[in-house]
Amino acid sequence: MIARIAIPIILATILCYAYIDYVFWRKRFSWWKRVLAALLPLFIIGATWAMARIPFYFPENIQTLTAYLHLLVCGVIAPSLFVVLHAGFSRLRPKRRWAVLLANALVVGLPLAVVAGWAYGVKVGFYQFEVRHVELAFDDLPEAFDGYKIVQFSDAHVGTLVNKRASILQRCVDSINAQHADMVVFTGDMQNMLFSEITPHRELLSSVKARDGVFAVMGNHDYAEYLDPENMDSREKLQFAERTANEIEMLGWTLLCNSNRVVRRGDARLGIAGMHNDGEGRFPQWGKVQDALLGLSRNDFVVMLEHDPTSWRRKILKGCHAQLTLSGHTHGGQLELFGWSPASWIYRECDGLYELNGRKLYVSKGLAGVVPFRLGAPGEIVVITLKHKD
C-alpha cells in the first residue's frame, strides 16, 4: 500500500520542510538547530522507505501501520496543509484586520483540525457502533416469510480487532444475538491479510446464532491479493483462499462460494445464495451468478450475498432475478462529513439502500477496517425485516 504512494509522500515531505526551513527556521535558528529540526523529515523519509520495502501490501502487525499513519498525518499531511495555506495567503496579502485574522485562523486551525479529527477517529470514532433497522417490502415475498428477520454484518477485519479493539467484536456479537434473528449473514472481509488472524476470535464468532443459521461469503481481503500476488501462481492463490474458507467454516457458518441453500416455511421457499468476490480493477473477480443460483427456481425469492456492490449492476441485475442483494466492501468510506463520504467518488452504491425496478441492494458500512479510523461513519450491524407487500 505504502509502496504505491511512497514517492509522492517523500516529495511532499521534502518540499514541505524545505519551505518551513526557508520561511521560518532560516532566520530564527542557528545552523545546528536547523540540522536538528531536519531530523524529523529525515525520519519520515526513512520510515516511508522502510514501509515501501515490506513485501506484503501492508505490515502483518497492524500496530506498525497505525504508528506510521500517525506519523504521516501529524508529520506530513498537517504540515503540508499549513504550507499550502501559508503560501497561498502570503501571495494574497490580505490588508484588512478581519481578513488577516481569518487567514491566520485558517492557516493554523485547519491543520490542527486534521490532527484532531484523526485523533478522534482513532481513539473514539472507531469504537462507535450502530444497530440499524431496515424494513424492506416485496411483492413476490412469500407470505410465510412476512416479518422474516435477517441480520447482516460485514468487513470484520479481525486482524485489526486486537487488544483493546477486541471489545468492538464482542459488542457486535452481543448485538447480533440480541436480535434473535431468523438468519445472520456475513458479507465478506473476515481478515486483513492472513487466515491466522481468525483463529484467536474463533470461540467468539462461533457463538453467533440464528434460527436458520449463519451464512457467509468471502471478500477481497479473504483471498491472496494482499500478500505477494505477483509472485504467486493460481494454485497457491487457490490454496490460500481455501485455508481462509476452512477457518470460516470452522465457525459453524455456511460459506456460500457460488452456491446456495434453501430455507423453508411449510411449502414456501427462500433461497440464500452467495458469490465469490466479484470486484473491479485489481480485486478478485471469481463471482459466477448462474452457479450461485443453480437449483433455485425462477419463482423462488432469492437473497444474494456479494461482498463488492459494483457486481450488482455488472452481473446480478443482468444475470439473475435475485430480489435482494446484500453487500459491504466500501466501509462507508470510514469518513463522512456533513452527509458526504469519499466513497461516493468511487462507488455508485456506497452506503445504505438502493433500488432499481423493484430490486434492492443494501450496502453495509461494515464493522471495522484495516486502518483503525472512523469519523462520522460508525461501524454497524443491519437488522433487515422482510415484508410481503399487499
# chains A, B, ... in the order shown; residues from 1 in each chain; ligands from 1
call {"tool": "closest_atom_pairs", "arguments": {"of": "region 315-380 of chain A", "to": "region 65-72 of chain A", "cutoff": "12 Å", "atoms": "only C-alpha atoms", "output": "tab-separated table"}}
result
residue	atom	partner	partner_atom	distance
A:Gly369	CA	A:Thr66	CA	11.8
A:Val370	CA	A:Leu65	CA	9.1
A:Val371	CA	A:Thr66	CA	6.9
A:Pro372	CA	A:Thr66	CA	7.4
A:Phe373	CA	A:Thr66	CA	9.3
call {"tool": "write_last_selection", "arguments": {"atoms": "all heavy atoms", "output": "PDB file, in the first residue's frame"}}
result
ATOM      1  N   GLY A 369     -12.057  -2.258   9.783  1.00  0.00           N
ATOM      2  CA  GLY A 369     -11.252  -1.871   8.633  1.00  0.00           C
ATOM      3  C   GLY A 369      -9.795  -2.150   8.934  1.00  0.00           C
ATOM      4  O   GLY A 369      -9.422  -2.348  10.097  1.00  0.00           O
ATOM      5  N   VAL A 370      -8.976  -2.182   7.912  1.00  0.00           N
ATOM      6  CA  VAL A 370      -7.539  -2.368   8.127  1.00  0.00           C
ATOM      7  C   VAL A 370      -6.995  -1.215   8.968  1.00  0.00           C
ATOM      8  O   VAL A 370      -6.265  -1.420   9.932  1.00  0.00           O
ATOM      9  CB  VAL A 370      -6.787  -2.462   6.782  1.00  0.00           C
ATOM     10  CG1 VAL A 370      -5.278  -2.523   7.024  1.00  0.00           C
ATOM     11  CG2 VAL A 370      -7.247  -3.669   5.988  1.00  0.00           C
ATOM     12  N   VAL A 371      -7.350  -0.004   8.594  1.00  0.00           N
ATOM     13  CA  VAL A 371      -6.925   1.193   9.335  1.00  0.00           C
ATOM     14  C   VAL A 371      -7.940   1.462  10.445  1.00  0.00           C
ATOM     15  O   VAL A 371      -9.129   1.636  10.163  1.00  0.00           O
ATOM     16  CB  VAL A 371      -6.829   2.415   8.402  1.00  0.00           C
ATOM     17  CG1 VAL A 371      -6.437   3.656   9.183  1.00  0.00           C
ATOM     18  CG2 VAL A 371      -5.845   2.145   7.274  1.00  0.00           C
ATOM     19  N   PRO A 372      -7.510   1.494  11.704  1.00  0.00           N
ATOM     20  CA  PRO A 372      -8.444   1.693  12.812  1.00  0.00           C
ATOM     21  C   PRO A 372      -8.870   3.153  12.944  1.00  0.00           C
ATOM     22  O   PRO A 372      -8.498   3.852  13.895  1.00  0.00           O
ATOM     23  CB  PRO A 372      -7.641   1.218  14.022  1.00  0.00           C
ATOM     24  CG  PRO A 372      -6.222   1.497  13.657  1.00  0.00           C
ATOM     25  CD  PRO A 372      -6.131   1.266  12.174  1.00  0.00           C
ATOM     26  N   PHE A 373      -9.679   3.599  11.999  1.00  0.00           N
ATOM     27  CA  PHE A 373     -10.110   5.003  11.975  1.00  0.00           C
ATOM     28  C   PHE A 373     -11.520   5.071  11.408  1.00  0.00           C
ATOM     29  O   PHE A 373     -11.824   4.456  10.376  1.00  0.00           O
ATOM     30  CB  PHE A 373      -9.164   5.828  11.104  1.00  0.00           C
ATOM     31  CG  PHE A 373      -9.685   7.210  10.779  1.00  0.00           C
ATOM     32  CD1 PHE A 373      -9.444   8.263  11.637  1.00  0.00           C
ATOM     33  CD2 PHE A 373     -10.417   7.446   9.622  1.00  0.00           C
ATOM     34  CE1 PHE A 373      -9.925   9.543  11.350  1.00  0.00           C
ATOM     35  CE2 PHE A 373     -10.900   8.714   9.328  1.00  0.00           C
ATOM     36  CZ  PHE A 373     -10.651   9.764  10.199  1.00  0.00           C
TER      37      PHE A 373
END
call {"tool": "residues_around", "arguments": {"residues": "region 257-267 of chain A", "least_positions_apart": "2", "cutoff": "10 Å", "atoms": "only C-alpha atoms", "output": "NGL selection string"}}
result
:A and (142-145 or 183 or 212-213 or 215-218 or 245 or 254-255 or 269-277 or 286-296 or 300-306)
call {"tool": "select_by_dssp", "arguments": {"residues": "region 70-150 of chain A", "states": "strand (DSSP E or B)", "output": "VMD selection string"}}
result
chain A and resid 129 to 138 148 to 150
call {"tool": "write_last_selection", "arguments": {"atoms": "N, CA, C and O atoms", "output": "mmCIF file, in the first residue's frame"}}
result
data_model
loop_
_atom_site.group_PDB
_atom_site.id
_atom_site.type_symbol
_atom_site.label_atom_id
_atom_site.label_comp_id
_atom_site.auth_asym_id
_atom_site.auth_seq_id
_atom_site.Cartn_x
_atom_site.Cartn_y
_atom_site.Cartn_z
ATOM 1 N N PHE A 129 -20.514 2.392 17.314
ATOM 2 C CA PHE A 129 -21.175 1.226 16.731
ATOM 3 C C PHE A 129 -22.684 1.453 16.725
ATOM 4 O O PHE A 129 -23.239 1.946 17.704
ATOM 5 N N GLU A 130 -23.323 1.104 15.613
ATOM 6 C CA GLU A 130 -24.771 1.305 15.474
ATOM 7 C C GLU A 130 -25.470 -0.009 15.131
ATOM 8 O O GLU A 130 -24.892 -0.871 14.476
ATOM 9 N N VAL A 131 -26.723 -0.098 15.563
ATOM 10 C CA VAL A 131 -27.617 -1.156 15.100
ATOM 11 C C VAL A 131 -28.682 -0.465 14.251
ATOM 12 O O VAL A 131 -29.494 0.300 14.756
ATOM 13 N N ARG A 132 -28.617 -0.693 12.946
ATOM 14 C CA ARG A 132 -29.533 -0.018 12.023
ATOM 15 C C ARG A 132 -30.667 -0.953 11.634
ATOM 16 O O ARG A 132 -30.432 -2.095 11.213
ATOM 17 N N HIS A 133 -31.906 -0.491 11.752
ATOM 18 C CA HIS A 133 -33.089 -1.296 11.425
ATOM 19 C C HIS A 133 -33.666 -0.838 10.085
ATOM 20 O O HIS A 133 -33.899 0.354 9.877
ATOM 21 N N VAL A 134 -33.886 -1.804 9.199
ATOM 22 C CA VAL A 134 -34.402 -1.514 7.868
ATOM 23 C C VAL A 134 -35.537 -2.479 7.559
ATOM 24 O O VAL A 134 -35.406 -3.689 7.757
ATOM 25 N N GLU A 135 -36.658 -1.942 7.081
ATOM 26 C CA GLU A 135 -37.793 -2.777 6.667
ATOM 27 C C GLU A 135 -37.925 -2.716 5.154
ATOM 28 O O GLU A 135 -38.021 -1.630 4.579
ATOM 29 N N LEU A 136 -37.917 -3.879 4.494
ATOM 30 C CA LEU A 136 -37.958 -3.954 3.038
ATOM 31 C C LEU A 136 -39.168 -4.762 2.589
ATOM 32 O O LEU A 136 -39.341 -5.915 3.007
ATOM 33 N N ALA A 137 -40.004 -4.161 1.738
ATOM 34 C CA ALA A 137 -41.229 -4.811 1.269
ATOM 35 C C ALA A 137 -41.076 -5.254 -0.180
ATOM 36 O O ALA A 137 -40.509 -4.531 -1.012
ATOM 37 N N PHE A 138 -41.589 -6.440 -0.485
ATOM 38 C CA PHE A 138 -41.511 -7.011 -1.825
ATOM 39 C C PHE A 138 -42.864 -7.616 -2.199
ATOM 40 O O PHE A 138 -43.517 -8.272 -1.377
ATOM 41 N N TYR A 148 -39.765 -11.888 8.252
ATOM 42 C CA TYR A 148 -38.515 -12.638 8.369
ATOM 43 C C TYR A 148 -37.376 -11.674 8.656
ATOM 44 O O TYR A 148 -37.204 -10.658 7.975
ATOM 45 N N LYS A 149 -36.569 -11.992 9.665
ATOM 46 C CA LYS A 149 -35.529 -11.069 10.132
ATOM 47 C C LYS A 149 -34.134 -11.597 9.768
ATOM 48 O O LYS A 149 -33.751 -12.698 10.159
ATOM 49 N N ILE A 150 -33.410 -10.769 9.008
ATOM 50 C CA ILE A 150 -32.035 -11.071 8.624
ATOM 51 C C ILE A 150 -31.119 -10.034 9.263
ATOM 52 O O ILE A 150 -31.339 -8.832 9.117
#
call {"tool": "closest_residue", "arguments": {"among": "A:Gly366, A:Pro8, A:Gly147, A:Gly333", "to": "Trp49 (chain A)", "atoms": "only C-alpha atoms"}}
result
A:Pro8
call {"tool": "atom_distance", "arguments": {"atom1": "CA of Tyr19 (chain A)", "atom2": "CA of Ala87 (chain A)"}}
result
9.0 Å
call {"tool": "closest_residue", "arguments": {"among": "A:Leu251, A:Leu205, A:Ala224, A:Ile77", "to": "Ile9 (chain A)", "atoms": "only C-alpha atoms"}}
result
A:Ile77
call {"tool": "residues_around", "arguments": {"residues": "Asn104 (chain A)", "least_positions_apart": "2", "cutoff": "12 Å", "atoms": "only C-alpha atoms", "output": "list in words"}}
result
Phe82, Leu85, His86, Ala87, Gly88, Phe89, Ser90, Arg93, Pro94, Arg97, Trp98, Ala99, Val100, Leu101, Leu102, Leu106, Val107, Val108, Gly109, Leu110 and Pro111 of chain A
call {"tool": "residues_around", "arguments": {"residues": "Gly252 (chain A)", "least_positions_apart": "3", "cutoff": "8 Å", "atoms": "only C-alpha atoms", "output": "ChimeraX atom specification"}}
result
/A:206,214,248-249
call {"tool": "write_last_selection", "arguments": {"atoms": "all heavy atoms", "output": "PDB file, in the first residue's frame"}}
result
ATOM      1  N   SER A 206     -17.960 -18.097  16.776  1.00  0.00           N
ATOM      2  CA  SER A 206     -18.773 -19.318  16.750  1.00  0.00           C
ATOM      3  C   SER A 206     -20.041 -19.175  17.573  1.00  0.00           C
ATOM      4  O   SER A 206     -20.989 -19.962  17.405  1.00  0.00           O
ATOM      5  CB  SER A 206     -17.957 -20.507  17.270  1.00  0.00           C
ATOM      6  OG  SER A 206     -16.842 -20.773  16.450  1.00  0.00           O
ATOM      7  N   VAL A 214     -26.151 -19.276  10.091  1.00  0.00           N
ATOM      8  CA  VAL A 214     -25.295 -18.143   9.733  1.00  0.00           C
ATOM      9  C   VAL A 214     -24.669 -18.455   8.377  1.00  0.00           C
ATOM     10  O   VAL A 214     -24.064 -19.512   8.189  1.00  0.00           O
ATOM     11  CB  VAL A 214     -24.192 -17.913  10.778  1.00  0.00           C
ATOM     12  CG1 VAL A 214     -23.341 -16.697  10.413  1.00  0.00           C
ATOM     13  CG2 VAL A 214     -24.789 -17.753  12.175  1.00  0.00           C
ATOM     14  N   ILE A 248     -13.374 -20.056   8.202  1.00  0.00           N
ATOM     15  CA  ILE A 248     -14.747 -19.544   8.329  1.00  0.00           C
ATOM     16  C   ILE A 248     -15.726 -20.685   8.594  1.00  0.00           C
ATOM     17  O   ILE A 248     -16.619 -20.579   9.446  1.00  0.00           O
ATOM     18  CB  ILE A 248     -15.132 -18.752   7.068  1.00  0.00           C
ATOM     19  CG1 ILE A 248     -14.271 -17.488   6.948  1.00  0.00           C
ATOM     20  CG2 ILE A 248     -16.615 -18.379   7.092  1.00  0.00           C
ATOM     21  CD1 ILE A 248     -14.466 -16.714   5.658  1.00  0.00           C
ATOM     22  N   GLU A 249     -15.548 -21.797   7.902  1.00  0.00           N
ATOM     23  CA  GLU A 249     -16.448 -22.935   8.101  1.00  0.00           C
ATOM     24  C   GLU A 249     -16.285 -23.557   9.479  1.00  0.00           C
ATOM     25  O   GLU A 249     -17.233 -24.122  10.034  1.00  0.00           O
ATOM     26  CB  GLU A 249     -16.217 -23.966   7.012  1.00  0.00           C
ATOM     27  CG  GLU A 249     -16.723 -23.490   5.645  1.00  0.00           C
ATOM     28  CD  GLU A 249     -16.437 -24.465   4.529  1.00  0.00           C
ATOM     29  OE1 GLU A 249     -15.425 -25.207   4.643  1.00  0.00           O
ATOM     30  OE2 GLU A 249     -17.213 -24.491   3.554  1.00  0.00           O
TER      31      GLU A 249
END
call {"tool": "residues_around", "arguments": {"residues": "Tyr362 (chain A)", "least_positions_apart": "5", "cutoff": "10 Å", "atoms": "only C-alpha atoms", "output": "PyMOL selection string"}}
result
chain A and resi 134+152+309+324-328+349-355+382+384
call {"tool": "closest_residue", "arguments": {"among": "A:Leu112, A:Thr48, A:His201, A:Gly358", "to": "Ala12 (chain A)", "atoms": "only C-alpha atoms"}}
result
A:Thr48
call {"tool": "residues_around", "arguments": {"residues": "region 36-47 of chain A", "least_positions_apart": "6", "cutoff": "12 Å", "atoms": "only C-alpha atoms", "output": "NGL selection string"}}
result
:A and (2-3 or 6-21 or 24-26 or 29-30 or 53-54 or 64-65 or 67-77 or 79-80)
call {"tool": "write_last_selection", "arguments": {"atoms": "N, CA and C atoms", "output": "CSV table (one decimal), in the first residue's frame"}}
result
chain,number,residue,atom,x,y,z
A,2,ILE,N,1.9,1.3,0.9
A,2,ILE,CA,2.7,2.5,1.0
A,2,ILE,C,3.6,2.6,-0.2
A,3,ALA,N,4.0,1.4,-0.7
A,3,ALA,CA,4.9,1.4,-1.9
A,3,ALA,C,4.3,2.2,-3.1
A,6,ALA,N,4.8,6.0,-2.0
A,6,ALA,CA,6.0,6.4,-1.3
A,6,ALA,C,6.7,7.6,-1.9
A,7,ILE,N,6.8,7.6,-3.2
A,7,ILE,CA,7.5,8.8,-3.9
A,7,ILE,C,6.7,10.1,-3.6
A,8,PRO,N,5.4,10.1,-3.8
A,8,PRO,CA,4.7,11.4,-3.5
A,8,PRO,C,4.8,11.8,-2.1
A,9,ILE,N,4.8,10.8,-1.1
A,9,ILE,CA,5.0,11.1,0.3
A,9,ILE,C,6.4,11.7,0.5
A,10,ILE,N,7.4,11.1,0.0
A,10,ILE,CA,8.8,11.6,0.2
A,10,ILE,C,8.9,13.0,-0.5
A,11,LEU,N,8.4,13.2,-1.7
A,11,LEU,CA,8.5,14.6,-2.3
A,11,LEU,C,7.7,15.6,-1.5
A,12,ALA,N,6.5,15.2,-1.0
A,12,ALA,CA,5.8,16.2,-0.2
A,12,ALA,C,6.5,16.5,1.1
A,13,THR,N,7.2,15.6,1.7
A,13,THR,CA,8.0,15.8,2.9
A,13,THR,C,9.1,16.8,2.6
A,14,ILE,N,9.8,16.5,1.6
A,14,ILE,CA,11.0,17.4,1.2
A,14,ILE,C,10.5,18.8,0.9
A,15,LEU,N,9.5,19.0,0.1
A,15,LEU,CA,9.0,20.3,-0.3
A,15,LEU,C,8.5,21.0,1.0
A,16,CYS,N,7.7,20.3,1.8
A,16,CYS,CA,7.1,20.9,2.9
A,16,CYS,C,8.1,21.5,3.9
A,17,TYR,N,9.1,20.6,4.3
A,17,TYR,CA,10.1,21.1,5.3
A,17,TYR,C,11.1,22.0,4.7
A,18,ALA,N,11.3,22.0,3.4
A,18,ALA,CA,12.2,23.0,2.7
A,18,ALA,C,11.6,24.3,2.8
A,19,TYR,N,10.3,24.4,2.6
A,19,TYR,CA,9.6,25.7,2.7
A,19,TYR,C,9.6,26.2,4.2
A,20,ILE,N,9.3,25.3,5.1
A,20,ILE,CA,9.3,25.7,6.5
A,20,ILE,C,10.7,26.2,6.9
A,21,ASP,N,11.7,25.5,6.5
A,21,ASP,CA,13.1,25.9,6.8
A,21,ASP,C,13.4,27.3,6.2
A,24,PHE,N,10.8,30.0,8.0
A,24,PHE,CA,10.8,30.2,9.4
A,24,PHE,C,12.1,29.9,10.1
A,25,TRP,N,12.7,28.7,9.8
A,25,TRP,CA,13.9,28.3,10.6
A,25,TRP,C,15.1,29.1,10.2
A,26,ARG,N,15.3,29.4,8.9
A,26,ARG,CA,16.5,30.0,8.4
A,26,ARG,C,16.9,31.3,9.2
A,29,PHE,N,16.8,30.2,13.6
A,29,PHE,CA,17.6,29.2,14.2
A,29,PHE,C,19.1,29.3,13.7
A,30,SER,N,20.0,28.9,14.6
A,30,SER,CA,21.4,28.7,14.1
A,30,SER,C,21.4,27.4,13.3
A,53,ARG,N,9.3,-1.0,1.4
A,53,ARG,CA,10.0,-2.2,1.1
A,53,ARG,C,9.4,-3.5,1.7
A,54,ILE,N,8.3,-3.3,2.5
A,54,ILE,CA,7.7,-4.5,3.1
A,54,ILE,C,7.1,-5.3,1.9
A,64,THR,N,2.1,-1.5,13.6
A,64,THR,CA,3.1,-0.8,12.9
A,64,THR,C,2.5,0.1,11.8
A,65,LEU,N,1.5,-0.3,11.1
A,65,LEU,CA,0.8,0.5,10.2
A,65,LEU,C,0.2,1.7,10.9
A,67,ALA,N,1.0,3.2,13.7
A,67,ALA,CA,2.0,4.1,14.1
A,67,ALA,C,2.6,4.9,12.9
A,68,TYR,N,2.7,4.3,11.8
A,68,TYR,CA,3.2,5.0,10.6
A,68,TYR,C,2.2,6.0,10.2
A,69,LEU,N,0.9,5.7,10.2
A,69,LEU,CA,-0.1,6.6,9.8
A,69,LEU,C,-0.2,7.8,10.8
A,70,HIS,N,0.0,7.6,12.0
A,70,HIS,CA,0.1,8.7,13.0
A,70,HIS,C,1.2,9.7,12.5
A,71,LEU,N,2.3,9.1,12.2
A,71,LEU,CA,3.5,9.9,11.7
A,71,LEU,C,3.1,10.7,10.4
A,72,LEU,N,2.4,10.0,9.5
A,72,LEU,CA,2.1,10.6,8.2
A,72,LEU,C,1.1,11.7,8.4
A,73,VAL,N,0.1,11.6,9.2
A,73,VAL,CA,-0.9,12.6,9.5
A,73,VAL,C,-0.3,13.8,10.1
A,74,CYS,N,0.4,13.6,11.2
A,74,CYS,CA,1.0,14.7,12.0
A,74,CYS,C,2.2,15.3,11.5
A,75,GLY,N,3.0,14.4,10.7
A,75,GLY,CA,4.3,14.9,10.3
A,75,GLY,C,4.3,15.3,8.8
A,76,VAL,N,3.3,14.9,8.0
A,76,VAL,CA,3.3,15.3,6.6
A,76,VAL,C,2.1,16.0,6.2
A,77,ILE,N,0.9,15.3,6.4
A,77,ILE,CA,-0.4,15.9,5.9
A,77,ILE,C,-0.7,17.2,6.5
A,79,PRO,N,1.3,19.4,8.3
A,79,PRO,CA,2.3,20.4,7.9
A,79,PRO,C,2.2,20.8,6.4
A,80,SER,N,1.9,19.9,5.5
A,80,SER,CA,1.8,20.3,4.1
A,80,SER,C,0.6,21.2,3.9
call {"tool": "atom_distance", "arguments": {"atom1": "CA of Ser154 (chain A)", "atom2": "CA of Ile316 (chain A)"}}
result
19.2 Å
call {"tool": "residues_around", "arguments": {"residues": "Ser175 (chain A)", "least_positions_apart": "2", "cutoff": "10 Å", "atoms": "only C-alpha atoms", "output": "PyMOL selection string"}}
result
chain A and resi 129-131+151+169-173+177-180+208+380-381
call {"tool": "select_by_dssp", "arguments": {"residues": "region 103-165 of chain A", "states": "helix (DSSP H, G or I)", "output": "compact mmCIF listing (two decimals) with N, CA and C atoms, in the first residue's frame"}}
result
# COMPACT_ATOMS: atom_id res chain seq x y z
N ALA A 103 -7.29 34.67 7.91
CA ALA A 103 -6.23 33.93 7.24
C ALA A 103 -5.36 33.18 8.26
N ASN A 104 -5.00 33.87 9.34
CA ASN A 104 -4.19 33.22 10.37
C ASN A 104 -4.93 32.06 11.02
N ALA A 105 -6.24 32.26 11.23
CA ALA A 105 -7.05 31.21 11.85
C ALA A 105 -7.10 29.97 10.95
N LEU A 106 -7.23 30.19 9.63
CA LEU A 106 -7.29 29.06 8.70
C LEU A 106 -5.94 28.37 8.59
N VAL A 107 -4.88 29.16 8.49
CA VAL A 107 -3.53 28.60 8.34
C VAL A 107 -3.18 27.70 9.52
N VAL A 108 -3.55 28.11 10.72
CA VAL A 108 -3.24 27.33 11.92
C VAL A 108 -4.35 26.33 12.24
N GLY A 109 -5.61 26.78 12.06
CA GLY A 109 -6.74 25.97 12.50
C GLY A 109 -7.00 24.72 11.68
N LEU A 110 -6.90 24.83 10.36
CA LEU A 110 -7.22 23.67 9.52
C LEU A 110 -6.23 22.51 9.73
N PRO A 111 -4.93 22.75 9.76
CA PRO A 111 -4.01 21.64 10.07
C PRO A 111 -4.27 21.03 11.44
N LEU A 112 -4.57 21.88 12.43
CA LEU A 112 -4.88 21.35 13.76
C LEU A 112 -6.17 20.53 13.72
N ALA A 113 -7.14 20.96 12.91
CA ALA A 113 -8.40 20.22 12.79
C ALA A 113 -8.17 18.84 12.18
N VAL A 114 -7.25 18.76 11.21
CA VAL A 114 -6.91 17.47 10.61
C VAL A 114 -6.33 16.53 11.66
N VAL A 115 -5.40 17.02 12.46
CA VAL A 115 -4.80 16.20 13.51
C VAL A 115 -5.84 15.79 14.55
N ALA A 116 -6.69 16.75 14.95
CA ALA A 116 -7.73 16.45 15.94
C ALA A 116 -8.73 15.44 15.40
N GLY A 117 -9.11 15.60 14.12
CA GLY A 117 -10.05 14.66 13.51
C GLY A 117 -9.47 13.27 13.43
N TRP A 118 -8.19 13.18 13.08
CA TRP A 118 -7.53 11.87 13.04
C TRP A 118 -7.50 11.24 14.43
N ALA A 119 -7.11 12.02 15.44
CA ALA A 119 -7.04 11.50 16.80
C ALA A 119 -8.41 11.03 17.28
N TYR A 120 -9.45 11.81 16.98
CA TYR A 120 -10.80 11.42 17.38
C TYR A 120 -11.24 10.14 16.66
N GLY A 121 -10.96 10.06 15.36
CA GLY A 121 -11.36 8.90 14.58
C GLY A 121 -10.71 7.62 15.04
N VAL A 122 -9.46 7.71 15.53
CA VAL A 122 -8.74 6.54 16.01
C VAL A 122 -9.15 6.17 17.43
N LYS A 123 -9.24 7.16 18.30
CA LYS A 123 -9.47 6.91 19.72
C LYS A 123 -10.93 6.79 20.10
N GLY A 125 -13.97 7.43 17.35
CA GLY A 125 -14.86 7.08 16.24
C GLY A 125 -14.81 5.61 15.86
N PHE A 126 -13.62 4.99 15.91
CA PHE A 126 -13.51 3.59 15.51
C PHE A 126 -14.27 2.67 16.46
N TYR A 127 -14.49 3.11 17.68
CA TYR A 127 -15.19 2.30 18.68
C TYR A 127 -16.70 2.50 18.65
N GLU A 143 -45.82 -15.07 1.66
CA GLU A 143 -46.44 -14.59 2.89
C GLU A 143 -45.87 -15.29 4.11
N ALA A 144 -45.43 -16.52 3.94
CA ALA A 144 -44.87 -17.27 5.06
C ALA A 144 -43.60 -16.62 5.60
N PHE A 145 -42.95 -15.80 4.77
CA PHE A 145 -41.73 -15.12 5.20
C PHE A 145 -41.96 -13.66 5.56
N ASN A 163 -6.28 -6.61 21.10
CA ASN A 163 -6.08 -5.85 22.34
C ASN A 163 -7.36 -5.10 22.71
N LYS A 164 -7.27 -3.80 22.94
CA LYS A 164 -8.45 -3.03 23.36
C LYS A 164 -9.55 -3.05 22.32
N ARG A 165 -9.17 -3.09 21.04
CA ARG A 165 -10.18 -3.04 19.98
C ARG A 165 -10.99 -4.33 19.86
